[in-house]
Structures are given as structure tokens and as C-alpha cells.
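A.B. asks: My structure is stored as work_33.cif, with mmCIF, C-alpha atoms.
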```cif
data_upload
#
loop_
_atom_site.label_atom_id
_atom_site.label_comp_id
_atom_site.auth_asym_id
_atom_site.auth_seq_id
_atom_site.Cartn_x
_atom_site.Cartn_y
_atom_site.Cartn_z
CA MET A 47 -11.91 8.97 21.86
CA LEU A 48 -8.15 8.42 21.72
CA THR A 49 -6.36 9.06 25.01
CA ILE A 50 -2.55 9.32 25.08
CA LYS A 51 -0.90 9.25 28.52
CA ARG A 52 2.67 9.96 27.38
CA TYR A 53 4.21 11.27 24.15
CA VAL A 54 7.84 10.52 23.16
CA ARG A 55 9.77 11.75 20.12
CA ALA A 56 12.20 8.86 19.73
CA GLN A 57 15.81 9.90 19.17
CA SER A 58 16.93 6.54 17.78
CA LEU A 59 15.40 3.44 16.24
CA ASP A 60 16.64 1.43 19.20
CA GLU A 61 14.70 3.70 21.56
CA ALA A 62 11.59 3.43 19.41
CA TYR A 63 11.92 -0.36 19.23
CA THR A 64 12.35 -0.69 22.99
CA LEU A 65 9.27 1.44 23.68
CA CYS A 66 7.29 -0.46 21.06
CA GLN A 67 7.68 -3.79 22.89
CA LYS A 68 4.99 -2.83 25.41
CA ARG A 69 1.55 -3.72 24.07
CA ALA A 70 -0.07 -0.55 25.42
CA ASN A 71 2.37 1.64 23.45
CA VAL A 72 1.90 2.58 19.80
CA VAL A 73 3.96 4.08 16.99
CA LEU A 74 2.40 7.18 15.43
CA GLY A 75 2.11 7.50 11.68
CA GLY A 76 0.04 10.34 10.30
CA MET A 77 -2.50 9.90 13.13
CA LEU A 78 -5.41 10.01 10.69
CA TRP A 79 -6.68 6.50 11.35
CA LEU A 80 -5.42 6.15 14.90
CA LYS A 81 -7.24 9.24 16.12
CA THR A 82 -10.60 7.76 15.12
CA GLN A 83 -10.15 4.85 17.52
CA ASN A 84 -11.61 4.56 20.99
CA ARG A 85 -8.60 3.43 23.03
CA THR A 86 -6.03 4.47 25.63
CA VAL A 87 -2.35 4.52 24.69
CA ASP A 88 0.30 4.49 27.42
CA THR A 89 3.10 5.92 25.23
CA ALA A 90 2.75 7.36 21.75
CA ILE A 91 6.04 6.93 19.84
CA ASP A 92 6.79 9.63 17.27
CA LEU A 93 9.40 8.80 14.58
CA SER A 94 9.54 12.35 13.19
CA ASP A 95 13.13 13.00 14.37
CA LEU A 96 14.64 9.89 12.75
CA GLY A 97 15.02 11.11 9.15
CA LEU A 98 12.46 8.69 7.76
CA ASP A 99 10.61 11.30 5.71
CA THR A 100 12.71 11.16 2.54
CA ILE A 101 12.72 9.20 -0.72
CA GLU A 102 16.26 8.06 -1.53
CA GLU A 103 17.25 7.01 -5.04
CA THR A 104 20.02 4.55 -5.86
CA PRO A 105 20.92 3.10 -9.26
CA GLU A 106 18.86 0.00 -8.42
CA ALA A 107 15.89 1.23 -6.37
CA TYR A 108 13.88 3.87 -4.56
CA ARG A 109 14.04 3.64 -0.76
CA ILE A 110 10.99 5.30 0.78
CA GLY A 111 11.00 6.25 4.47
CA VAL A 112 7.93 5.36 6.47
CA MET A 113 7.25 9.00 7.40
CA VAL A 114 7.03 10.01 3.74
CA THR A 115 3.53 11.35 3.10
CA LEU A 116 1.13 10.19 0.42
CA ARG A 117 1.43 13.65 -1.11
CA GLN A 118 5.19 13.14 -1.51
CA LEU A 119 4.47 9.86 -3.34
CA GLU A 120 1.96 11.64 -5.53
CA GLN A 121 4.39 14.37 -6.57
CA HIS A 122 7.72 12.51 -6.82
CA PRO A 123 9.01 12.74 -10.42
CA GLY A 124 11.20 9.64 -10.19
CA LEU A 125 8.38 7.39 -8.98
CA ALA A 126 6.09 8.91 -11.59
CA ALA A 127 8.57 8.06 -14.36
CA LEU A 128 9.15 4.54 -13.03
CA THR A 129 5.44 3.70 -12.88
CA ARG A 130 4.05 5.93 -15.66
CA GLY A 131 2.05 7.90 -13.12
CA ALA A 132 0.64 4.92 -11.21
CA PHE A 133 1.71 6.30 -7.83
CA ALA A 134 -0.20 9.52 -8.36
CA GLU A 135 -3.21 7.59 -9.64
CA SER A 136 -3.18 5.31 -6.59
CA VAL A 137 -3.41 8.14 -4.07
CA CYS A 138 -5.08 11.06 -5.85
CA HIS A 139 -8.59 10.01 -4.74
CA ILE A 140 -7.67 9.55 -1.07
CA VAL A 141 -9.84 12.22 0.58
CA GLY A 142 -7.95 15.42 -0.39
CA VAL A 143 -4.59 17.15 -0.51
CA GLN A 144 -4.73 18.18 3.15
CA PHE A 145 -5.27 14.56 4.17
CA ARG A 146 -2.50 13.28 1.88
CA ASN A 147 -0.11 15.85 3.36
CA LEU A 148 -0.53 14.07 6.72
CA ALA A 149 -1.09 10.39 5.89
CA THR A 150 2.16 8.43 5.82
CA VAL A 151 3.36 5.53 3.71
CA GLY A 152 4.38 3.64 6.83
CA GLY A 153 0.95 3.98 8.38
CA SER A 154 -0.64 2.60 5.22
CA ILE A 155 1.73 -0.33 4.84
CA TYR A 156 1.94 -1.30 8.53
CA GLY A 157 -1.84 -1.05 8.85
CA ARG A 158 -2.42 -3.43 5.92
CA PHE A 159 -5.95 -2.10 5.66
CA GLY A 160 -8.32 -3.86 3.32
CA PHE A 161 -9.12 -0.56 1.59
CA SER A 162 -5.47 0.43 1.04
CA ASP A 163 -4.73 1.71 -2.45
CA VAL A 164 -1.08 2.07 -1.43
CA LEU A 165 -0.61 -1.56 -0.39
CA THR A 166 -2.16 -2.75 -3.66
CA LEU A 167 0.30 -0.84 -5.84
CA PHE A 168 3.38 -1.69 -3.77
CA LEU A 169 2.50 -5.39 -3.96
CA ALA A 170 2.33 -5.29 -7.76
CA LEU A 171 5.71 -3.52 -7.82
CA ASP A 172 7.31 -6.42 -5.89
CA ALA A 173 8.34 -4.05 -3.10
CA ALA A 174 10.19 -5.06 0.05
CA VAL A 175 10.03 -3.63 3.55
CA GLU A 176 12.89 -2.92 5.94
CA LEU A 177 12.34 -3.68 9.61
CA HIS A 178 14.63 -2.44 12.37
CA HIS A 179 15.16 -5.92 13.81
CA GLY A 180 13.64 -8.16 11.16
CA GLY A 181 15.74 -6.96 8.23
CA THR A 182 14.48 -6.85 4.65
CA VAL A 183 11.32 -8.83 3.90
CA PRO A 184 9.27 -9.07 0.68
CA LEU A 185 6.12 -7.02 1.09
CA ALA A 186 3.92 -9.93 0.02
CA GLU A 187 5.32 -11.96 2.93
CA TYR A 188 5.10 -9.05 5.37
CA ALA A 189 1.48 -8.32 4.45
CA ALA A 190 0.53 -11.92 5.19
CA ARG A 191 2.14 -11.90 8.64
CA PRO A 192 0.32 -11.07 11.87
CA TYR A 193 1.10 -7.67 13.35
CA GLU A 194 4.45 -7.65 15.12
CA ARG A 195 6.19 -5.22 17.44
CA ASP A 196 9.06 -4.26 15.16
CA ILE A 197 9.71 -0.83 13.66
CA LEU A 198 9.00 -0.54 9.96
CA THR A 199 11.58 1.90 8.55
CA HIS A 200 11.52 1.83 4.73
CA ILE A 201 9.75 0.44 1.68
CA VAL A 202 12.06 -0.42 -1.22
CA VAL A 203 10.90 -0.42 -4.84
CA SER A 204 13.40 -1.79 -7.33
CA LYS A 205 13.82 -0.17 -10.73
CA GLN A 206 12.61 -3.11 -12.76
CA PRO A 207 11.85 -2.35 -16.42
CA GLY A 208 8.26 -2.84 -17.44
CA LYS A 209 4.84 -1.22 -17.50
CA VAL A 210 2.56 -0.50 -14.55
CA ALA A 211 -1.09 0.52 -14.30
CA TYR A 212 -3.31 1.24 -11.31
CA LEU A 213 -7.11 1.41 -11.31
CA ALA A 214 -9.78 1.48 -8.62
CA GLN A 215 -13.56 1.56 -8.49
CA ARG A 216 -15.21 3.95 -6.04
CA ASN A 217 -18.86 4.75 -5.48
CA ILE A 218 -17.85 8.42 -5.16
CA SER A 219 -14.48 9.92 -5.96
CA THR A 220 -13.09 10.34 -2.43
CA ASP A 221 -14.74 7.35 -0.76
CA PHE A 222 -13.01 4.12 0.22
CA PRO A 223 -12.57 1.95 -2.87
CA VAL A 224 -14.97 -0.82 -3.79
CA LEU A 225 -12.07 -2.63 -5.47
CA THR A 226 -8.42 -1.83 -6.23
CA CYS A 227 -6.26 -3.28 -8.99
CA ALA A 228 -2.57 -2.88 -9.83
CA VAL A 229 -0.88 -4.65 -12.73
CA ALA A 230 2.84 -4.74 -13.51
CA VAL A 231 3.89 -6.25 -16.85
CA ARG A 232 7.55 -7.22 -16.76
CA ALA A 233 9.99 -9.56 -18.45
CA ASP A 234 9.40 -12.28 -15.83
CA GLY A 235 5.62 -12.13 -16.18
CA VAL A 236 2.56 -10.25 -14.95
CA ARG A 237 2.03 -9.35 -11.30
CA CYS A 238 -1.58 -8.55 -10.44
CA ALA A 239 -2.63 -7.26 -7.01
CA ILE A 240 -6.30 -7.00 -6.07
CA GLY A 241 -7.42 -5.20 -2.92
CA ALA A 242 -10.54 -3.87 -1.17
CA ARG A 243 -12.11 -7.30 -1.76
CA PRO A 244 -13.05 -6.02 0.97
CA MET A 245 -10.10 -7.90 2.52
CA LYS A 246 -6.52 -6.62 2.20
CA ALA A 247 -4.71 -6.73 -1.12
CA GLN A 248 -3.00 -9.89 -2.31
CA LEU A 249 -1.13 -11.01 -5.41
CA TYR A 250 -2.79 -13.31 -7.93
CA THR A 251 -1.31 -15.06 -10.96
CA GLY A 252 -4.29 -15.88 -13.13
CA ASP A 253 -3.45 -18.03 -16.15
CA PRO A 254 -0.19 -16.68 -17.65
CA ALA A 255 -0.68 -18.81 -20.78
CA LEU A 256 -3.56 -16.54 -21.77
CA LEU A 257 -1.05 -13.73 -22.43
CA ALA A 258 1.55 -15.87 -24.19
CA GLY A 259 0.61 -14.36 -27.53
CA GLY A 260 0.75 -10.79 -26.23
CA ILE A 261 -1.78 -8.38 -24.78
CA THR A 262 -4.83 -7.95 -26.99
CA PRO A 263 -8.39 -6.95 -26.07
CA GLU A 264 -9.34 -10.64 -26.18
CA SER A 265 -6.39 -11.96 -24.15
CA ALA A 266 -6.72 -9.14 -21.62
CA ALA A 267 -10.40 -9.96 -21.12
CA ALA A 268 -9.62 -13.68 -20.74
CA PHE A 269 -6.86 -12.94 -18.22
CA GLY A 270 -9.26 -10.71 -16.27
CA GLU A 271 -11.70 -13.61 -16.13
CA SER A 272 -8.99 -15.93 -14.82
CA ILE A 273 -7.96 -13.47 -12.10
CA ALA A 274 -11.57 -12.92 -11.03
CA ALA A 275 -12.06 -16.67 -10.78
CA GLU A 276 -9.03 -16.96 -8.48
CA VAL A 277 -9.74 -14.08 -6.09
CA PRO A 278 -11.92 -14.61 -2.98
CA PHE A 279 -14.40 -11.74 -2.70
CA GLY A 280 -16.64 -10.71 0.16
CA SER A 281 -19.54 -8.34 0.71
CA ASN A 282 -19.89 -5.22 2.85
CA LEU A 283 -21.93 -2.01 2.83
CA ARG A 284 -20.14 -0.71 -0.28
CA ALA A 285 -20.62 -3.68 -2.59
CA GLY A 286 -21.43 -7.35 -2.82
CA ALA A 287 -19.05 -10.15 -3.74
CA ASP A 288 -20.62 -10.73 -7.16
CA TYR A 289 -20.35 -7.05 -8.05
CA ARG A 290 -16.70 -7.01 -7.00
CA ARG A 291 -16.02 -10.06 -9.16
CA ALA A 292 -17.58 -8.36 -12.18
CA VAL A 293 -15.60 -5.16 -11.54
CA CYS A 294 -12.38 -7.15 -11.13
CA LYS A 295 -12.66 -8.56 -14.66
CA VAL A 296 -13.04 -5.06 -16.06
CA LEU A 297 -10.24 -3.45 -14.05
CA VAL A 298 -7.70 -6.16 -14.87
CA ARG A 299 -8.57 -5.95 -18.57
CA ARG A 300 -8.28 -2.16 -18.60
CA ALA A 301 -5.01 -2.21 -16.66
CA LEU A 302 -3.43 -4.69 -19.08
CA LEU A 303 -4.53 -2.65 -22.08
CA ALA A 304 -3.21 0.52 -20.45
CA CYS A 305 0.17 -1.20 -20.05
CA LYS A 306 0.12 -2.15 -23.73
CA GLU A 307 -0.78 1.39 -24.83
CA ASP A 308 2.11 2.72 -22.75
CA ALA A 309 4.62 0.43 -24.48
#
```
Can you dump the structure from the file as C-alpha cells?
C.D. replies:
Amino acid sequence: MLTIKRYVRAQSLDEAYTLCQKRANVVLGGMLWLKTQNRTVDTAIDLSDLGLDTIEETPEAYRIGVMVTLRQLEQHPGLAALTRGAFAESVCHIVGVQFRNLATVGGSIYGRFGFSDVLTLFLALDAAVELHHGGTVPLAEYAARPYERDILTHIVVSKQPGKVAYLAQRNISTDFPVLTCAVAVRADGVRCAIGARPMKAQLYTGDPALLAGGITPESAAAFGESIAAEVPFGSNLRAGADYRRAVCKVLVRRALLACKEDA
């Protein structure tokens, strides 16, 4: 059972940061994962009054506040246009609408959960995170760091031209994924993120030379093989490592072909 001794709605990021420095305190996201834990929290820090629940658009990027819900990501027309619907696809199987109306982007990204669909897609999109004290950091770097007591405020997705596809394999439609895959095909190359390995998502390069002649069924399959050979997989109750490796080949191939069809 989760026990909270004190609840504070922070009135500034400085206040939230100061409170966050004590190990027994915790920042609240959507409370959907936190409430399942068996722990005692001295002070629960709520960021709801800090205006972090909006998606701002600039000519160069989308700046997504950490209190934005997964449902907002799912329904945002600008993000849908930028990614050809990949944002909606990445979250639409996460439990249900009621859950996605509560779960926050910040909770997903800060948590860096192995099963995170959201982290997988943001990695492929070359996103960056904004930290109150740490400044702007590439998401790939942030995801590899140990947990730190800074306040995550925004996730920034630049408006890079290209094609994006997101796919995941689940044993049933609303379960945790067995494997997640996001592919972004852009002028500077292909970014491929694989998650739910069952470890957290990471970026992999594969063999770019395999796609030098363009995306075809054959080159996409070969690139999927190269990614699967590069990714470390593990086993858990949902699937074994060998099964995940076989699924990875298929998802990468399908994602590449989906990007080609969307051209």
C-alpha cells in the first residue's frame, strides 16, 4: 500500500526542486504506477499548478509538458500529422481511455520503464528533455542515466521531415507489450528504437548499407535481421529472448515498409 504523509501542490519549479532533493519525497505524475507500490512517501509533490499540461508548437518543434496525458498525445492533430499517426498508435493499446486520461508523459519518460511504448517512440524521434536544473539533454542520453533528483519539465520533438512508424507485439491488446519498435526514416538516416526487450528501449543502428539502394521488401527484411542481431534480448513471463528476436525482425521490416508506403 502507498502511504503519503504530506501532500504539496508546488507553486514554482524551484519549490518542487527543493522538495525533491529529499530521498523520501516523490514527484507525482498520473499516480497510476506509483499507487501500486508498497512504500511510504514523506512528501508527495504535485506539479499540477505549474502549467506543464500543454503542448506548445513553435516553427521548429513541439514542446510537450510533463503533465500532458497520454490521451492528449493520442488526440493531438499536430503530432498526428508530424508522425503519420504514430503517436496515437503508440498509446492506443495502453489499458483504456480512462487510464490514458490520467497517465502522464512525464511519468512515462522519467520512469524509463522497460515496457514503455512512449519512450520507444520518443527515442526514434530524436527527442530531447528539459530539466529544471540540468537544462536540455538528448533523450537517448537521459534514458541511459541513473535516476536523478531533478524536475523533468518538457519533452521536445523537433519537426524533422521524414517518415515514422510505430509497431508493438502484445499477447492481448491491452497487456504490456512483448516488444516495441519505432522507426524514423529521415534524410540523415534511419533511427530504430526497440523496447520491452524486456529491458528499456534503446536506439540501434543496424547496417545502414543495407538500405543504400532504398527500402524494398528484401532490404527491409535484411535490415530487420541486422537490428535483431544487434539488440540484447531477455526472457520474462511474457516471452523468451528467442521469440523476441524473431518478432524484432518482423516489426522492423514492417515498420520500414510502412514508412515507404507513406512516402
A.B. asks: Could you list the residues chosen by the PyMOL selection byres ((chain A and resi 233) around 10) in this structure as number ranges by chain?
C.D. replies: A: 206-209, 230-232, 234-236
A.B. asks: Enter the distance from CA of Gly181 (chain A) to CA of Arg158 (chain A), in Å, rounded to one decimal.
C.D. replies: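 Taking CA of Gly181 (chain A) and CA of Arg158 (chain A), their separation equals 18.6 Å.
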A.B. asks: Please compute the CA of Ser219 (chain A)-CA of Tyr289 (chain A) distance, one decimal, in Å.
C.D. replies: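 Value for the CA of Ser219 (chain A)-CA of Tyr289 (chain A) distance: 18.1 Å.
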A.B. asks: Quick one: everything within 10 Å of Arg52 (chain A), counting only C-alpha atoms, minus sequence neighbours fewer than 6 positions away in the same chain. Send it as number ranges by chain.
C.D. replies: A: 71, 87-91
A.B. asks: Restricted to C-alpha atoms, what would the selected residues look like written as a short mmCIF file (atom, residue, chain, number, x, y, z; two decimals), in the frame of the given file?
C.D. replies:
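This is the output file selection_29.cif:
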```
data_model
loop_
_atom_site.label_atom_id
_atom_site.label_comp_id
_atom_site.auth_asym_id
_atom_site.auth_seq_id
_atom_site.Cartn_x
_atom_site.Cartn_y
_atom_site.Cartn_z
CA ASN A 71 2.37 1.64 23.45
CA VAL A 87 -2.35 4.52 24.69
CA ASP A 88 0.30 4.49 27.42
CA THR A 89 3.10 5.92 25.23
CA ALA A 90 2.75 7.36 21.75
CA ILE A 91 6.04 6.93 19.84
#
```
A.B. asks: Separation of CA of Gly124 (chain A) and CA of Pro223 (chain A), in Å?
C.D. replies: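 Computing it gives 26.0 Å between the two atoms.
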A.B. asks: Closest to Pro254 (chain A) among A:Ile240, A:Cys305, A:Val143, A:Ser272, using all atoms listed in the file?
C.D. replies: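 Between A:Ile240, A:Cys305, A:Val143, A:Ser272, the residue approaching Pro254 (chain A) most closely is A:Ser272.
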A.B. asks: Selected by the PyMOL selection byres ((chain A and resi 128-139) around 10) in the shown coordinates: which residues, as an mmCIF file with C-alpha atoms, keeping the file's coordinate frame?
C.D. replies:
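Wrote it out as out-v3.cif, contents follow:
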```cif
data_model
loop_
_atom_site.group_PDB
_atom_site.id
_atom_site.type_symbol
_atom_site.label_atom_id
_atom_site.label_comp_id
_atom_site.auth_asym_id
_atom_site.auth_seq_id
_atom_site.Cartn_x
_atom_site.Cartn_y
_atom_site.Cartn_z
ATOM 1 C CA TYR A 108 13.880 3.870 -4.560
ATOM 2 C CA LEU A 116 1.130 10.190 0.420
ATOM 3 C CA ARG A 117 1.430 13.650 -1.110
ATOM 4 C CA GLN A 118 5.190 13.140 -1.510
ATOM 5 C CA LEU A 119 4.470 9.860 -3.340
ATOM 6 C CA GLU A 120 1.960 11.640 -5.530
ATOM 7 C CA GLN A 121 4.390 14.370 -6.570
ATOM 8 C CA HIS A 122 7.720 12.510 -6.820
ATOM 9 C CA PRO A 123 9.010 12.740 -10.420
ATOM 10 C CA GLY A 124 11.200 9.640 -10.190
ATOM 11 C CA LEU A 125 8.380 7.390 -8.980
ATOM 12 C CA ALA A 126 6.090 8.910 -11.590
ATOM 13 C CA ALA A 127 8.570 8.060 -14.360
ATOM 14 C CA ILE A 140 -7.670 9.550 -1.070
ATOM 15 C CA VAL A 141 -9.840 12.220 0.580
ATOM 16 C CA GLY A 142 -7.950 15.420 -0.390
ATOM 17 C CA VAL A 143 -4.590 17.150 -0.510
ATOM 18 C CA ARG A 146 -2.500 13.280 1.880
ATOM 19 C CA SER A 162 -5.470 0.430 1.040
ATOM 20 C CA ASP A 163 -4.730 1.710 -2.450
ATOM 21 C CA VAL A 164 -1.080 2.070 -1.430
ATOM 22 C CA LEU A 165 -0.610 -1.560 -0.390
ATOM 23 C CA THR A 166 -2.160 -2.750 -3.660
ATOM 24 C CA LEU A 167 0.300 -0.840 -5.840
ATOM 25 C CA PHE A 168 3.380 -1.690 -3.770
ATOM 26 C CA LEU A 171 5.710 -3.520 -7.820
ATOM 27 C CA VAL A 203 10.900 -0.420 -4.840
ATOM 28 C CA SER A 204 13.400 -1.790 -7.330
ATOM 29 C CA LYS A 205 13.820 -0.170 -10.730
ATOM 30 C CA GLN A 206 12.610 -3.110 -12.760
ATOM 31 C CA PRO A 207 11.850 -2.350 -16.420
ATOM 32 C CA GLY A 208 8.260 -2.840 -17.440
ATOM 33 C CA LYS A 209 4.840 -1.220 -17.500
ATOM 34 C CA VAL A 210 2.560 -0.500 -14.550
ATOM 35 C CA ALA A 211 -1.090 0.520 -14.300
ATOM 36 C CA TYR A 212 -3.310 1.240 -11.310
ATOM 37 C CA LEU A 213 -7.110 1.410 -11.310
ATOM 38 C CA ALA A 214 -9.780 1.480 -8.620
ATOM 39 C CA ARG A 216 -15.210 3.950 -6.040
ATOM 40 C CA ILE A 218 -17.850 8.420 -5.160
ATOM 41 C CA SER A 219 -14.480 9.920 -5.960
ATOM 42 C CA THR A 220 -13.090 10.340 -2.430
ATOM 43 C CA ASP A 221 -14.740 7.350 -0.760
ATOM 44 C CA PHE A 222 -13.010 4.120 0.220
ATOM 45 C CA PRO A 223 -12.570 1.950 -2.870
ATOM 46 C CA THR A 226 -8.420 -1.830 -6.230
ATOM 47 C CA CYS A 227 -6.260 -3.280 -8.990
ATOM 48 C CA ALA A 228 -2.570 -2.880 -9.830
ATOM 49 C CA VAL A 229 -0.880 -4.650 -12.730
ATOM 50 C CA ALA A 230 2.840 -4.740 -13.510
ATOM 51 C CA CYS A 305 0.170 -1.200 -20.050
ATOM 52 C CA ASP A 308 2.110 2.720 -22.750
#
```
A.B. asks: Which residues, named as in the file, does the PyMOL selection byres ((chain A and resi 255) around 12) pick out? Answer as a list in words.
C.D. replies: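 On this input, the PyMOL selection byres ((chain A and resi 255) around 12) captures Gly235, Val236, Thr251, Gly252, Asp253, Pro254, Leu256, Leu257, Ala258, Gly259, Gly260, Ile261, Ser265, Ala266, Ala268, Phe269 and Ser272 of chain A.
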